[in-house]
Every structure is written in structure tokens, then in C-alpha cells.
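J.: Okay, so here is start11.txt, and as you'll see once you scroll down, it has compact mmCIF, C-alpha atoms and all ligand atoms.
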```txt
# COMPACT_ATOMS: atom_id res chain seq x y z
CA MET U 29 -24.41 3.46 -17.23
CA ALA U 30 -21.80 2.28 -14.77
CA ARG U 31 -18.36 1.66 -16.14
CA LEU U 32 -17.08 -1.66 -14.87
CA VAL U 33 -13.38 -2.43 -14.52
CA LEU U 34 -11.92 -5.85 -13.76
CA GLY U 35 -8.70 -5.28 -11.78
CA ILE U 36 -5.92 -7.77 -11.17
CA GLU U 37 -3.13 -7.44 -8.59
CA THR U 38 -0.20 -9.85 -8.18
CA SER U 39 2.70 -7.56 -7.27
CA CYS U 40 3.80 -9.46 -4.18
CA ASP U 41 2.16 -12.30 -2.28
CA GLU U 42 -1.56 -11.59 -2.58
CA THR U 43 -3.41 -12.96 -5.60
CA ALA U 44 -6.29 -10.53 -6.09
CA ALA U 45 -9.05 -9.68 -8.53
CA ALA U 46 -11.86 -7.17 -8.19
CA VAL U 47 -14.72 -5.64 -10.09
CA VAL U 48 -15.34 -1.94 -9.40
CA ALA U 49 -18.01 0.27 -10.93
CA ASP U 50 -17.25 3.92 -11.68
CA GLY U 51 -14.07 3.87 -9.62
CA ARG U 52 -15.97 3.84 -6.32
CA ASP U 53 -18.53 1.06 -6.07
CA ILE U 54 -16.83 -2.24 -5.21
CA ARG U 55 -18.85 -5.11 -6.70
CA ALA U 56 -16.30 -7.80 -5.74
CA ASN U 57 -12.90 -7.75 -4.05
CA VAL U 58 -11.34 -11.22 -3.88
CA ILE U 59 -7.97 -11.75 -2.23
CA SER U 60 -6.20 -15.08 -1.95
CA SER U 61 -3.45 -14.71 0.62
CA GLN U 62 -0.18 -16.63 0.41
CA VAL U 63 0.82 -15.80 3.99
CA ALA U 64 0.73 -19.44 5.14
CA LEU U 65 2.93 -20.52 2.21
CA HIS U 66 5.67 -17.97 3.00
CA ARG U 67 5.43 -18.07 6.81
CA PRO U 68 8.01 -20.89 7.28
CA TYR U 69 10.56 -18.71 5.45
CA GLY U 70 9.84 -15.55 7.45
CA GLY U 71 9.25 -13.54 4.27
CA VAL U 72 8.06 -13.75 0.68
CA VAL U 73 9.95 -16.24 -1.53
CA PRO U 74 9.60 -14.77 -5.05
CA GLU U 75 9.53 -18.01 -7.02
CA LEU U 76 6.98 -19.61 -4.70
CA ALA U 77 4.87 -16.45 -4.97
CA SER U 78 4.78 -16.42 -8.76
CA ARG U 79 3.95 -20.13 -8.99
CA GLU U 80 1.15 -19.67 -6.48
CA HIS U 81 -0.22 -16.71 -8.50
CA LEU U 82 -0.12 -18.90 -11.59
CA ALA U 83 -2.07 -21.64 -9.83
CA ASN U 84 -4.64 -19.41 -8.10
CA LEU U 85 -5.29 -16.46 -10.37
CA PRO U 86 -7.85 -18.09 -12.71
CA THR U 87 -10.01 -19.15 -9.74
CA VAL U 88 -9.65 -15.73 -8.11
CA ILE U 89 -10.73 -13.97 -11.33
CA LYS U 90 -13.68 -16.34 -11.80
CA ARG U 91 -14.77 -15.73 -8.20
CA ALA U 92 -14.55 -11.95 -8.61
CA LEU U 93 -16.68 -12.05 -11.73
CA ALA U 94 -19.20 -14.44 -10.12
CA GLU U 95 -19.47 -12.36 -6.91
CA SER U 96 -19.93 -9.17 -8.91
CA GLY U 97 -22.74 -10.77 -10.90
CA CYS U 98 -21.06 -9.49 -14.08
CA ALA U 99 -20.23 -11.50 -17.16
CA LEU U 100 -16.93 -10.72 -18.82
CA ALA U 101 -18.87 -9.28 -21.75
CA GLN U 102 -20.21 -6.52 -19.43
CA ILE U 103 -16.75 -5.45 -18.26
CA ASP U 104 -15.53 -2.21 -19.89
CA ALA U 105 -11.79 -2.54 -19.25
CA VAL U 106 -9.25 -4.88 -17.69
CA ALA U 107 -6.50 -3.46 -15.47
CA ALA U 108 -3.41 -4.91 -13.81
CA THR U 109 -0.47 -3.72 -11.72
CA TYR U 110 2.70 -3.23 -13.82
CA GLY U 111 4.92 -2.27 -10.86
CA PRO U 112 6.53 -1.80 -8.46
CA GLY U 113 6.78 -5.29 -7.02
CA LEU U 114 8.37 -8.66 -7.64
CA ALA U 115 9.07 -9.11 -11.36
CA SER U 116 8.00 -12.74 -11.54
CA SER U 117 4.79 -12.04 -9.61
CA LEU U 118 3.90 -8.94 -11.63
CA LEU U 119 4.31 -10.88 -14.90
CA ILE U 120 1.57 -13.34 -13.95
CA GLY U 121 -1.13 -10.71 -13.31
CA LEU U 122 -0.12 -8.38 -16.13
CA ASN U 123 -0.09 -11.15 -18.68
CA ALA U 124 -3.39 -12.63 -17.48
CA ALA U 125 -5.08 -9.21 -17.66
CA ARG U 126 -3.70 -8.52 -21.10
CA GLY U 127 -4.80 -11.94 -22.37
CA ILE U 128 -8.33 -11.45 -21.03
CA ALA U 129 -8.53 -7.94 -22.49
CA LEU U 130 -7.21 -9.13 -25.83
CA ALA U 131 -9.59 -12.09 -26.05
CA ALA U 132 -12.60 -10.04 -24.94
CA GLY U 133 -11.76 -7.03 -27.12
CA LYS U 134 -11.55 -4.65 -24.11
CA PRO U 135 -9.06 -1.91 -23.29
CA PHE U 136 -6.12 -2.94 -21.13
CA VAL U 137 -4.98 -0.48 -18.46
CA PRO U 138 -1.60 -0.89 -16.70
CA VAL U 139 -1.70 0.60 -13.18
CA ASN U 140 1.01 1.75 -10.77
CA HIS U 141 0.68 -0.08 -7.45
CA LEU U 142 1.83 2.86 -5.32
CA GLU U 143 -0.47 5.27 -7.06
CA ALA U 144 -3.32 2.83 -6.41
CA HIS U 145 -2.42 2.76 -2.68
CA LEU U 146 -2.21 6.59 -2.68
CA TYR U 147 -5.75 7.05 -4.00
CA SER U 148 -7.29 4.08 -2.14
CA PRO U 149 -8.80 6.32 0.62
CA LEU U 150 -10.94 7.89 -2.13
CA ILE U 151 -12.75 4.67 -2.97
CA GLY U 152 -16.32 4.91 -1.78
CA ALA U 153 -15.61 8.19 0.05
CA SER U 154 -18.34 10.78 0.00
CA ALA U 155 -17.25 14.08 -1.56
CA ALA U 156 -14.00 12.53 -2.77
CA GLU U 157 -13.49 15.57 -5.00
CA GLU U 158 -13.19 17.75 -1.88
CA MET U 159 -10.23 15.69 -0.76
CA PHE U 160 -7.63 17.77 -2.61
CA PRO U 161 -5.13 19.22 -2.09
CA LEU U 162 -3.88 16.61 0.33
CA VAL U 163 -0.77 15.26 1.94
CA ALA U 164 -0.68 11.46 2.10
CA LEU U 165 1.40 8.85 3.80
CA VAL U 166 1.82 5.66 1.78
CA VAL U 167 3.28 3.16 4.16
CA SER U 168 3.68 -0.51 3.32
CA GLY U 169 6.11 -3.41 3.37
CA GLY U 170 8.05 -2.00 0.43
CA HIS U 171 7.54 1.77 0.68
CA THR U 172 7.26 4.68 3.07
CA MET U 173 6.59 8.02 1.41
CA ILE U 174 4.92 11.37 1.92
CA ILE U 175 3.13 12.64 -1.16
CA HIS U 176 1.49 15.94 -2.03
CA ALA U 177 -1.47 15.48 -4.38
CA THR U 178 -3.39 18.39 -5.85
CA ASP U 179 -5.74 16.20 -7.88
CA LEU U 180 -6.16 12.61 -8.99
CA GLY U 181 -3.03 11.90 -10.99
CA ALA U 182 -1.34 15.18 -10.02
CA HIS U 183 1.09 14.28 -7.28
CA ARG U 184 4.69 14.54 -6.26
CA ILE U 185 6.77 12.72 -3.69
CA LEU U 186 7.89 15.02 -0.87
CA GLY U 187 10.03 12.43 0.87
CA GLN U 188 10.57 8.73 1.31
CA THR U 189 12.59 6.22 3.22
CA LEU U 190 16.31 6.20 2.59
CA ASP U 191 16.63 2.56 3.66
CA ASP U 192 13.99 0.20 5.08
CA ALA U 193 10.25 0.73 4.68
CA ALA U 194 8.25 1.00 7.92
CA GLY U 195 6.47 -2.31 7.20
CA GLU U 196 9.83 -3.95 6.57
CA ALA U 197 11.00 -2.71 9.99
CA PHE U 198 7.86 -4.19 11.60
CA ASP U 199 8.55 -7.51 9.82
CA LYS U 200 12.25 -7.58 10.80
CA VAL U 201 11.70 -6.65 14.45
CA ALA U 202 8.88 -9.21 14.70
CA LYS U 203 11.36 -11.80 13.46
CA LEU U 204 13.88 -10.72 16.13
CA LEU U 205 11.16 -11.12 18.74
CA GLY U 206 10.16 -14.51 17.36
CA LEU U 207 6.65 -13.23 16.65
CA GLY U 208 6.35 -14.67 13.15
CA TYR U 209 5.29 -13.33 9.79
CA PRO U 210 3.83 -10.94 8.75
CA GLY U 211 5.31 -8.83 11.50
CA GLY U 212 3.01 -5.78 11.52
CA PRO U 213 -0.11 -7.43 12.93
CA ALA U 214 2.04 -9.64 15.23
CA ILE U 215 3.83 -6.60 16.74
CA GLU U 216 0.57 -4.70 17.12
CA CYS U 217 -1.00 -7.64 18.95
CA CYS U 218 2.04 -8.17 21.21
CA ALA U 219 2.34 -4.41 21.90
CA ALA U 220 -1.20 -4.28 23.29
CA SER U 221 0.01 -5.51 26.69
CA GLY U 222 3.33 -3.62 26.65
CA ASP U 223 4.59 -0.24 27.85
CA PRO U 224 5.42 2.10 24.92
CA ALA U 225 7.82 4.04 27.18
CA ALA U 226 9.72 0.96 28.41
CA VAL U 227 12.57 1.24 25.89
CA SER U 228 13.71 4.57 24.45
CA PHE U 229 14.24 3.74 20.79
CA PRO U 230 15.56 6.37 18.34
CA ARG U 231 13.14 8.55 16.34
CA SER U 232 15.42 8.61 13.30
CA MET U 233 15.22 11.71 11.11
CA LEU U 234 12.30 13.15 13.08
CA ASP U 235 14.23 16.39 13.51
CA ASP U 236 15.64 16.37 9.99
CA PRO U 237 14.04 19.16 7.92
CA SER U 238 13.46 16.86 4.93
CA ASP U 239 10.37 14.67 4.53
CA ASN U 240 12.56 11.57 4.30
CA PHE U 241 12.58 8.61 6.66
CA SER U 242 15.08 6.06 7.91
CA PHE U 243 14.11 2.90 9.77
CA SER U 244 17.22 0.73 9.57
CA GLY U 245 18.74 2.33 12.71
CA LEU U 246 15.61 1.53 14.68
CA LYS U 247 15.79 -2.10 13.60
CA THR U 248 19.46 -2.24 14.68
CA ALA U 249 18.60 -0.54 18.00
CA ALA U 250 16.01 -3.27 18.63
CA LEU U 251 18.61 -5.94 17.81
CA TYR U 252 21.15 -4.42 20.25
CA HIS U 253 18.54 -3.91 22.94
CA LEU U 254 17.52 -7.58 22.77
CA ARG U 255 21.18 -8.63 22.87
CA ASP U 256 22.06 -6.41 25.83
CA HIS U 257 18.77 -6.68 27.78
CA PRO U 258 17.32 -10.10 27.02
CA GLU U 259 15.21 -9.81 30.17
CA THR U 260 12.97 -7.08 28.64
CA ALA U 261 9.47 -8.39 28.00
CA ALA U 262 8.67 -8.85 24.31
CA ALA U 263 5.48 -6.82 24.78
CA ASP U 264 7.51 -3.83 26.06
CA VAL U 265 9.94 -4.03 23.12
CA ALA U 266 7.04 -4.36 20.67
CA ALA U 267 5.12 -1.43 22.19
CA SER U 268 8.21 0.80 22.37
CA PHE U 269 9.20 -0.05 18.80
CA GLN U 270 5.67 0.59 17.50
CA GLU U 271 5.55 3.92 19.34
CA ALA U 272 8.88 4.98 17.81
CA VAL U 273 7.67 4.17 14.27
CA VAL U 274 4.31 5.89 14.83
CA ASP U 275 5.97 8.99 16.36
CA VAL U 276 8.10 9.44 13.26
CA LEU U 277 5.33 8.70 10.73
CA VAL U 278 2.83 11.03 12.41
CA GLY U 279 5.39 13.72 13.24
CA LYS U 280 6.68 13.99 9.69
CA LEU U 281 3.26 13.78 8.06
CA VAL U 282 1.84 16.50 10.31
CA ARG U 283 4.82 18.76 9.67
CA ALA U 284 4.53 18.37 5.89
CA ALA U 285 0.77 19.05 5.97
CA ALA U 286 1.24 22.17 8.13
CA ARG U 287 4.04 23.48 5.91
CA LEU U 288 1.94 23.08 2.76
CA GLY U 289 -1.19 24.46 4.43
CA VAL U 290 -3.41 21.59 3.30
CA ARG U 291 -6.55 20.61 5.18
CA ASN U 292 -6.73 17.00 3.97
CA VAL U 293 -4.47 14.27 5.24
CA ALA U 294 -4.54 10.64 4.11
CA ALA U 295 -2.83 7.39 4.98
CA ALA U 296 -2.81 4.16 3.01
CA GLY U 297 -0.90 0.91 2.59
CA GLY U 298 -0.53 -2.13 4.85
CA VAL U 299 1.01 -0.33 7.85
CA SER U 300 -1.92 2.14 7.88
CA LEU U 301 -3.96 -0.75 9.32
CA ASN U 302 -2.05 -0.24 12.56
CA GLN U 303 -4.53 0.93 15.20
CA ARG U 304 -2.00 2.99 17.15
CA LEU U 305 -1.08 4.84 13.94
CA ARG U 306 -4.77 5.36 13.13
CA GLN U 307 -5.45 6.70 16.65
CA ARG U 308 -2.51 9.07 16.61
CA LEU U 309 -3.37 10.37 13.13
CA THR U 310 -6.99 10.88 14.17
CA ALA U 311 -5.91 12.86 17.26
CA ALA U 312 -3.42 14.98 15.28
CA CYS U 313 -5.96 15.81 12.58
CA GLU U 314 -8.63 16.70 15.16
CA GLU U 315 -6.16 19.01 16.86
CA HIS U 316 -5.37 20.81 13.60
CA GLY U 317 -8.93 20.77 12.24
CA TRP U 318 -7.90 18.66 9.25
CA GLN U 319 -9.94 16.01 7.45
CA LEU U 320 -8.35 12.59 7.83
CA ARG U 321 -8.93 10.10 5.04
CA LEU U 322 -7.99 6.53 5.85
CA ALA U 323 -8.48 3.69 3.44
CA SER U 324 -11.00 1.17 4.75
CA PRO U 325 -9.20 -1.86 6.25
CA SER U 326 -9.87 -4.19 3.31
CA LEU U 327 -8.25 -1.62 1.01
CA CYS U 328 -5.11 -1.01 3.10
CA THR U 329 -3.20 -4.18 2.29
CA ASP U 330 -2.68 -5.28 -1.29
CA ASN U 331 -5.94 -5.65 -3.18
CA ALA U 332 -7.26 -5.38 -6.73
CA ALA U 333 -10.14 -2.99 -5.98
CA MET U 334 -7.65 -0.11 -5.74
CA ILE U 335 -6.20 -1.18 -9.11
CA ALA U 336 -9.61 -1.27 -10.80
CA ALA U 337 -10.63 2.06 -9.21
CA LEU U 338 -7.51 3.89 -10.37
CA ALA U 339 -7.82 2.38 -13.85
CA TYR U 340 -11.32 3.85 -14.08
CA HIS U 341 -9.98 7.32 -13.21
CA GLN U 342 -7.15 6.92 -15.72
CA LEU U 343 -9.72 6.07 -18.41
CA GLN U 344 -11.79 9.09 -17.35
CA ARG U 345 -8.75 11.28 -17.80
CA GLY U 346 -8.50 10.09 -21.39
CA PHE U 347 -5.92 7.41 -20.85
CA PRO U 348 -5.20 6.19 -24.38
CA ALA U 349 -6.26 2.64 -23.63
CA ASN U 350 -5.65 1.15 -27.03
CA GLU U 351 -2.24 2.59 -27.56
CA SER U 352 0.04 -0.20 -28.76
CA SER U 353 2.69 0.62 -26.13
CA HIS U 354 0.33 -0.61 -23.40
CA TRP U 355 -0.11 -3.92 -25.12
CA GLU U 356 3.64 -4.28 -25.41
CA MET U 357 4.32 -2.97 -21.93
CA ASP U 358 6.74 -4.85 -19.70
CA VAL U 359 6.46 -4.99 -15.92
CA ASP U 360 8.55 -2.41 -14.04
CA PRO U 361 9.56 -3.88 -10.66
CA SER U 362 11.28 -0.73 -9.35
CA CYS U 363 9.25 2.04 -11.02
CA GLY U 364 8.37 4.06 -7.90
CA LEU U 365 5.39 6.40 -8.06
CA GLY U 366 6.47 8.83 -10.70
CA ARG U 367 6.31 7.02 -13.99
CA SER U 368 3.66 8.28 -16.33
CA VAL U 369 2.10 5.78 -18.70
CA ASN U 370 -0.06 8.37 -20.44
O1 LIG U 401 0.52 -2.77 1.42
P1 LIG U 401 0.97 -4.13 1.81
O2 LIG U 401 -0.07 -5.22 1.92
O3 LIG U 401 2.03 -4.69 0.82
C1 LIG U 401 3.05 -3.93 0.25
O4 LIG U 401 2.78 -3.30 -0.80
O5 LIG U 401 4.14 -3.94 0.86
O6 LIG U 401 1.75 -3.97 3.20
C2 LIG U 401 2.29 -5.07 3.89
C3 LIG U 401 3.03 -4.55 5.12
C4 LIG U 401 3.80 -5.64 5.85
O7 LIG U 401 5.11 -5.17 6.11
C5 LIG U 401 3.01 -5.82 7.15
O8 LIG U 401 3.81 -6.24 8.25
C6 LIG U 401 2.46 -4.42 7.36
O9 LIG U 401 2.11 -3.98 6.06
N1 LIG U 401 1.29 -4.41 8.23
C7 LIG U 401 1.24 -3.77 9.42
C8 LIG U 401 -0.03 -4.08 9.98
N2 LIG U 401 -0.70 -4.88 9.10
C9 LIG U 401 0.11 -5.07 8.03
N3 LIG U 401 2.14 -3.01 10.05
C10 LIG U 401 1.80 -2.52 11.26
N4 LIG U 401 0.62 -2.79 11.87
C11 LIG U 401 -0.32 -3.55 11.28
N5 LIG U 401 -1.48 -3.80 11.88
ZN ZN U 402 1.16 -2.66 -1.54
```
Mind converting the file's structure to C-alpha cells?
T.:
Amino acid sequence: MARLVLGIETSCDETAAAVVADGRDIRANVISSQVALHRPYGGVVPELASREHLANLPTVIKRALAESGCALAQIDAVAATYGPGLASSLLIGLNAARGIALAAGKPFVPVNHLEAHLYSPLIGASAAEEMFPLVALVVSGGHTMIIHATDLGAHRILGQTLDDAAGEAFDKVAKLLGLGYPGGPAIECCAASGDPAAVSFPRSMLDDPSDNFSFSGLKTAALYHLRDHPETAAADVAASFQEAVVDVLVGKLVRAAARLGVRNVAAAGGVSLNQRLRQRLTAACEEHGWQLRLASPSLCTDNAAMIAALAYHQLQRGFPANESSHWEMDVDPSCGLGRSVN
């Protein structure tokens, strides 16, 4: 019989709930976006985000259950993101999930948001077990990292950004260009009519032997370019900036995969929605004869299906779901990928 997990995600500005069977079959994936609420501020306002989660989460959970056709009594476990993210936002989802699990007498599974992004390309993939070992790029508004995974739950960070995340750079440069929020999709759209070679932006750390990244210099270069050459078309700046980010992300990912001799490469997180990045990764993997695993678009940005799916795998691995420490667990806003809750 299918094992059904109700997942809840409120780490940033998306209020999300999902029902996933056996870690792969998405029965419902409901996301209530707060983009319009935060747009006037050009970024996420933490207190507004948590209040909005508080207001919307019950409806989002009810919709997920209704769309899945499952009653709460049929759910086998309830999962929520414990971190990383905004503390006040995380608290809403974690506490709701724990309350539901407690009332319904189900196991409660705390899930790491980054780990959920990392394994999101597996969801619904055929032959997911053949995906390892792999080198993955997790690239979002808060993180940019290259990870080596030899199995589900067996991973280590090879490198990460030393300053801004790639998504953060997209958001900041979009703001400089007056393109609005969120910046990633706005830059991608604007870049479509621009020349990627118009402005020669730096490819920071591309030649550095580590797997680390740095995007703050690129953001500053965009600021100085706009100050010194205000006549440059926004589309050319957007296209040149996007190309610089993609060059670095693809260049470093390919180098890490080649060094480790893996044949599977994955990309996940909000920035992995970027079509130019997807094209360039596809071309690079074809050239090397590697399998490219990209999360499907609805699983790239924050969602609860990836939380429910990973919780299922954690339970399969013998995650001690009723251990009292999970019930007492606090949120961990800056936990990174490494923390083990087993
Ligand atoms: O994974 P996500 O939804 O949230 C975090 O965990 O951060 O990622 C959001 C980030 C934002 O910075 C947004 O600008 C970026 O992903 N993003 C994109 C695109 N769509 C979203 N960046 C580049 N191109 C896109 N098409
Ligand atoms: Zn995320």
C-alpha cells in the first residue's frame, strides 16, 4: 500500500502543502505565493511573510488534502521544513505540522529544505536509483552550492558561495535595472532581446580551483556599469549578466563532475528554472555523455512536494519518527545542508 506523506513548507515566502505517495507520486502540490505582497518592498519582509503564512496555511493544507482525495486519517506521516529559512516563517509551518501530527497520532518528520531541493530531481524520475553517484547544483535565492551525493542521504558539500547566492544576485541586479521582484524571471525575460556579449562582466572564481562561488563582485560590476554607461540597453545588461552567472554555474559544475568521474549531473532550486542555464547544462551534459537530471519546473521553486518526498525516504531509511527530540525540535534558520536529524 502506498505510503502517504503530508508535507508543509513555509521557509520563506511561499505557503505550501502537498501530499506525496511513496516519495514519487505527487497527489497534490498547493502553493500560495506571497510575491504580490512583498513586491512593493523589493524583497521578502519577514514579519509580513510569517503573518501571511499564519493566515493562509490552514486553507492551503485543506486544499492539498482535498485535491489529493485523501482524508487526514489516511496520511501516514506529516512533514515540515525545519530550516534553513526565515525563523518566523519556519515556525508557522513546523508548528502546524507538529500539531496535525500530534492530533492525528501520526509520525512527525522534520525536513531540511536544502536537502529537499537537492533530491527534488528524483521525484517522479524513472530509474531514480540509477541517478547516483551524482554531482548537483543547488541554486536558489538563499544558496548556491555544488554537492556530491553517492546515495539518498549520503552527500557532502563540495563548494558554495562565499557571499551572495546566484538568485540573490539576479534579484539585486533586477532591482538596479528597475525590473521588479522577483528578479530571476524578470532578468530572464528582459535578457531575451539582449546581447549576452554586450557587456563583459567578471566570471568570479571561475578559474579558482575550489568549487566555491562569489557573486557579489558581479553585482557591483553591474552597478558600476549602469553608473558609468547609463546608455546601455537594459536588455543587453540583463543578457550579459545572465550569461556571466550561467558561465560560472555551468563551468564549475562541469569541472566538479569531471574531476569526480560521475555520469549523473543534477540542478535544482529556483534559479534552475532559468532557460539559459537549462540549455547550457543540457549541451554540456550531451557533450560529456552525462545524464542530466533537472527538477520539473513546479518543483524548482519552493514547494512542499519535495518536503513530503524526502520525508518518505527518511522514513524508509528508518528515521526514528517518534523520537521525542523531533517533537521538541526547534527551527534552525541557518542550518545549511549538513545537519543530521537521525
Ligand atoms: O528556491 P527558491 O524558490 O527559494 C529559495 O529557497 O531561495 O528560489 C528563489 C530564487 C529567487 O532569487 C529568484 O529570483 C530565482 O530563484 N529565480 C530565477 C528564475 N526563477 C526564479 N533565477 C533566474 N532565472 C529564473 N527564471
Ligand atoms: Zn528554496
J.: May I ask for the distance between atom CA of Ser228 of chain U and atom CA of Val201 of chain U, given in Å to one decimal place?
T.: 15.2 Å
J.: Hey, what's within 7 Å of segment 103-111 of chain U if we count all atoms listed in the file and toss same-chain stuff fewer than 5 positions away? As a ChimeraX atom specification, please?
T.: /U:31-37,39,118,121-122,125,129,134-141,335-336,339,359-363
J.: Considering all atoms listed in the file, can you say which of U:Asp41, U:Glu143, U:Glu271, U:Asp330 comes closest to ligand ZN 402 (chain U)?
T.: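 Of all the options, U:Asp330 lies closest to ligand ZN 402 (chain U).
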J.: Which residues come within 12 Å of Gly208 of chain U, counting only C-alpha atoms, excluding same-chain residues fewer than 4 positions away, as a VMD selection string?
T.: chain U and resid 63 to 64 66 to 71 198 to 204 212 to 215 217 to 218
J.: Out of U:Ala155, U:Val58, U:Leu130, U:Ala144, which residue has the shortest atom-to-atom distance to ligand ZN 402 (chain U) when counting all atoms listed in the file?
T.: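 Counting all atoms listed in the file, the residue closest to ligand ZN 402 (chain U) is U:Ala144.
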J.: Hey, which residues sit close to ligand LIG 401 (chain U)? Say within 6 Å, counting all atoms listed in the file, and write them as a PyMOL selection string.
T.: chain U and resi 168-170+195-196+198-199+210-213+216+297-299+301-302+329-330
J.: What separation in Å, quoted to one decimal, exists between atom CA of Ala294 of chain U and atom CA of Arg184 of chain U?
T.: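 Taking atom CA of Ala294 of chain U as the start and atom CA of Arg184 of chain U as the end point, the length is 14.4 Å.
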J.: Just to confirm, what's the straight-line distance from atom CA of Lys90 of chain U to atom CA of Leu343 of chain U in Å (one decimal)?
T.: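 Separation of atom CA of Lys90 of chain U and atom CA of Leu343 of chain U: 23.7 Å.
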J.: Name the residues in contact with His341 of chain U at a cut-off of 9 Å, using only C-alpha atoms, excluding same-chain residues fewer than 5 positions from it; report them as a ChimeraX atom specification.
T.: /U:50-51,180-181,336,346-347
J.: So, counting all atoms listed in the file, which residue among U:Asp256, U:Asp191, U:Glu95, U:Asp239 is closest to Ala284 of chain U?
T.: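 Using all atoms listed in the file, the shortest distance to Ala284 of chain U belongs to U:Asp239.
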J.: Nearest to Asp192 of chain U among U:Gly245, U:Gly113, U:Gly133, U:Pro224, with distances taken over only C-alpha atoms: which residue is it?
T.: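 Looking only at the distances to Asp192 of chain U, the closest residue turns out to be U:Gly245.
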J.: Rank U:Ala94, U:Cys328, U:Ala261, U:Val163 by their smallest atom-to-atom distance to ligand ZN 402 (chain U), using all atoms listed in the file, and report the top residue only.
T.: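 Residue with the minimum atom-to-atom distance to ligand ZN 402 (chain U): U:Cys328.
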J.: Pick from U:Ser154, U:Tyr209, U:Thr178, U:Ala194: nearest to Leu65 of chain U, with all atoms listed in the file counted?
T.: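 Between U:Ser154, U:Tyr209, U:Thr178, U:Ala194, the residue approaching Leu65 of chain U most closely is U:Tyr209.
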J.: Skip Ala250 of chain U itself and residues of its chain fewer than 4 positions away, then list as a ChimeraX atom specification all residues within 8 Å of it, counting all atoms listed in the file.
T.: /U:201,229,246,254,265,269
J.: Give me the residues within 12 Å of Ala83 of chain U as a PDB file with C-alpha atoms, keeping the file's coordinate frame, counting all atoms listed in the file and dropping any in the same chain fewer than 3 places off.
T.:
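Wrote out-v4.pdb, looks like this:
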```pdb
ATOM      1  CA  THR U  43      -3.410 -12.960  -5.600  1.00  0.00           C
ATOM      2  CA  SER U  60      -6.200 -15.080  -1.950  1.00  0.00           C
ATOM      3  CA  GLN U  62      -0.180 -16.630   0.410  1.00  0.00           C
ATOM      4  CA  LEU U  76       6.980 -19.610  -4.700  1.00  0.00           C
ATOM      5  CA  ALA U  77       4.870 -16.450  -4.970  1.00  0.00           C
ATOM      6  CA  SER U  78       4.780 -16.420  -8.760  1.00  0.00           C
ATOM      7  CA  ARG U  79       3.950 -20.130  -8.990  1.00  0.00           C
ATOM      8  CA  GLU U  80       1.150 -19.670  -6.480  1.00  0.00           C
ATOM      9  CA  PRO U  86      -7.850 -18.090 -12.710  1.00  0.00           C
ATOM     10  CA  THR U  87     -10.010 -19.150  -9.740  1.00  0.00           C
ATOM     11  CA  VAL U  88      -9.650 -15.730  -8.110  1.00  0.00           C
ATOM     12  CA  ILE U  89     -10.730 -13.970 -11.330  1.00  0.00           C
ATOM     13  CA  SER U 117       4.790 -12.040  -9.610  1.00  0.00           C
ATOM     14  CA  ILE U 120       1.570 -13.340 -13.950  1.00  0.00           C
ATOM     15  CA  GLY U 121      -1.130 -10.710 -13.310  1.00  0.00           C
ATOM     16  CA  ALA U 124      -3.390 -12.630 -17.480  1.00  0.00           C
TER      17      ALA U 124
END
```
J.: Is it possible to get the axis-aligned box enclosing segment 222-236 of chain U (all listed atoms, 8 Å extra per side) as JSON, with centre and edge lengths in Å rounded to one decimal?
T.:
```
{"center_x": 9.5, "center_y": 6.4, "center_z": 19.2, "size_x": 28.3, "size_y": 36.0, "size_z": 34.4}
```
J.: Missing atoms in segment 227-239 of chain U need filling: write out N, CA, C and O atoms for it as a compact mmCIF listing (two decimals), in the frame of the given file.
T.:
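Saved as result.txt:
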```
# COMPACT_ATOMS: atom_id res chain seq x y z
N VAL U 227 11.25 1.16 26.53
CA VAL U 227 12.57 1.24 25.89
C VAL U 227 12.61 2.53 25.07
O VAL U 227 11.67 2.81 24.32
N SER U 228 13.69 3.32 25.23
CA SER U 228 13.71 4.57 24.45
C SER U 228 14.46 4.33 23.14
O SER U 228 15.67 4.44 23.05
N PHE U 229 13.69 3.98 22.12
CA PHE U 229 14.24 3.74 20.79
C PHE U 229 14.41 5.06 20.04
O PHE U 229 13.68 6.02 20.30
N PRO U 230 15.35 5.11 19.07
CA PRO U 230 15.56 6.37 18.34
C PRO U 230 14.37 6.74 17.44
O PRO U 230 13.68 5.85 16.95
N ARG U 231 14.14 8.04 17.29
CA ARG U 231 13.14 8.55 16.34
C ARG U 231 13.96 9.11 15.16
O ARG U 231 14.11 10.32 15.01
N SER U 232 14.48 8.20 14.34
CA SER U 232 15.42 8.61 13.30
C SER U 232 14.81 9.61 12.33
O SER U 232 13.69 9.42 11.86
N MET U 233 15.56 10.66 12.08
CA MET U 233 15.22 11.71 11.11
C MET U 233 13.99 12.55 11.47
O MET U 233 13.54 13.36 10.67
N LEU U 234 13.47 12.36 12.69
CA LEU U 234 12.30 13.15 13.08
C LEU U 234 12.64 14.64 13.07
O LEU U 234 11.82 15.47 12.70
N ASP U 235 13.85 14.97 13.47
CA ASP U 235 14.23 16.39 13.51
C ASP U 235 14.90 16.86 12.22
O ASP U 235 15.28 18.03 12.10
N ASP U 236 15.04 15.97 11.26
CA ASP U 236 15.64 16.37 9.99
C ASP U 236 14.62 17.19 9.21
O ASP U 236 13.44 16.84 9.16
N PRO U 237 15.03 18.30 8.60
CA PRO U 237 14.04 19.16 7.92
C PRO U 237 13.43 18.52 6.66
O PRO U 237 12.41 18.99 6.17
N SER U 238 14.02 17.49 6.13
CA SER U 238 13.46 16.86 4.93
C SER U 238 12.22 16.03 5.30
O SER U 238 11.93 15.84 6.48
N ASP U 239 11.51 15.55 4.29
CA ASP U 239 10.37 14.67 4.53
C ASP U 239 10.77 13.20 4.37
O ASP U 239 9.92 12.34 4.19
```
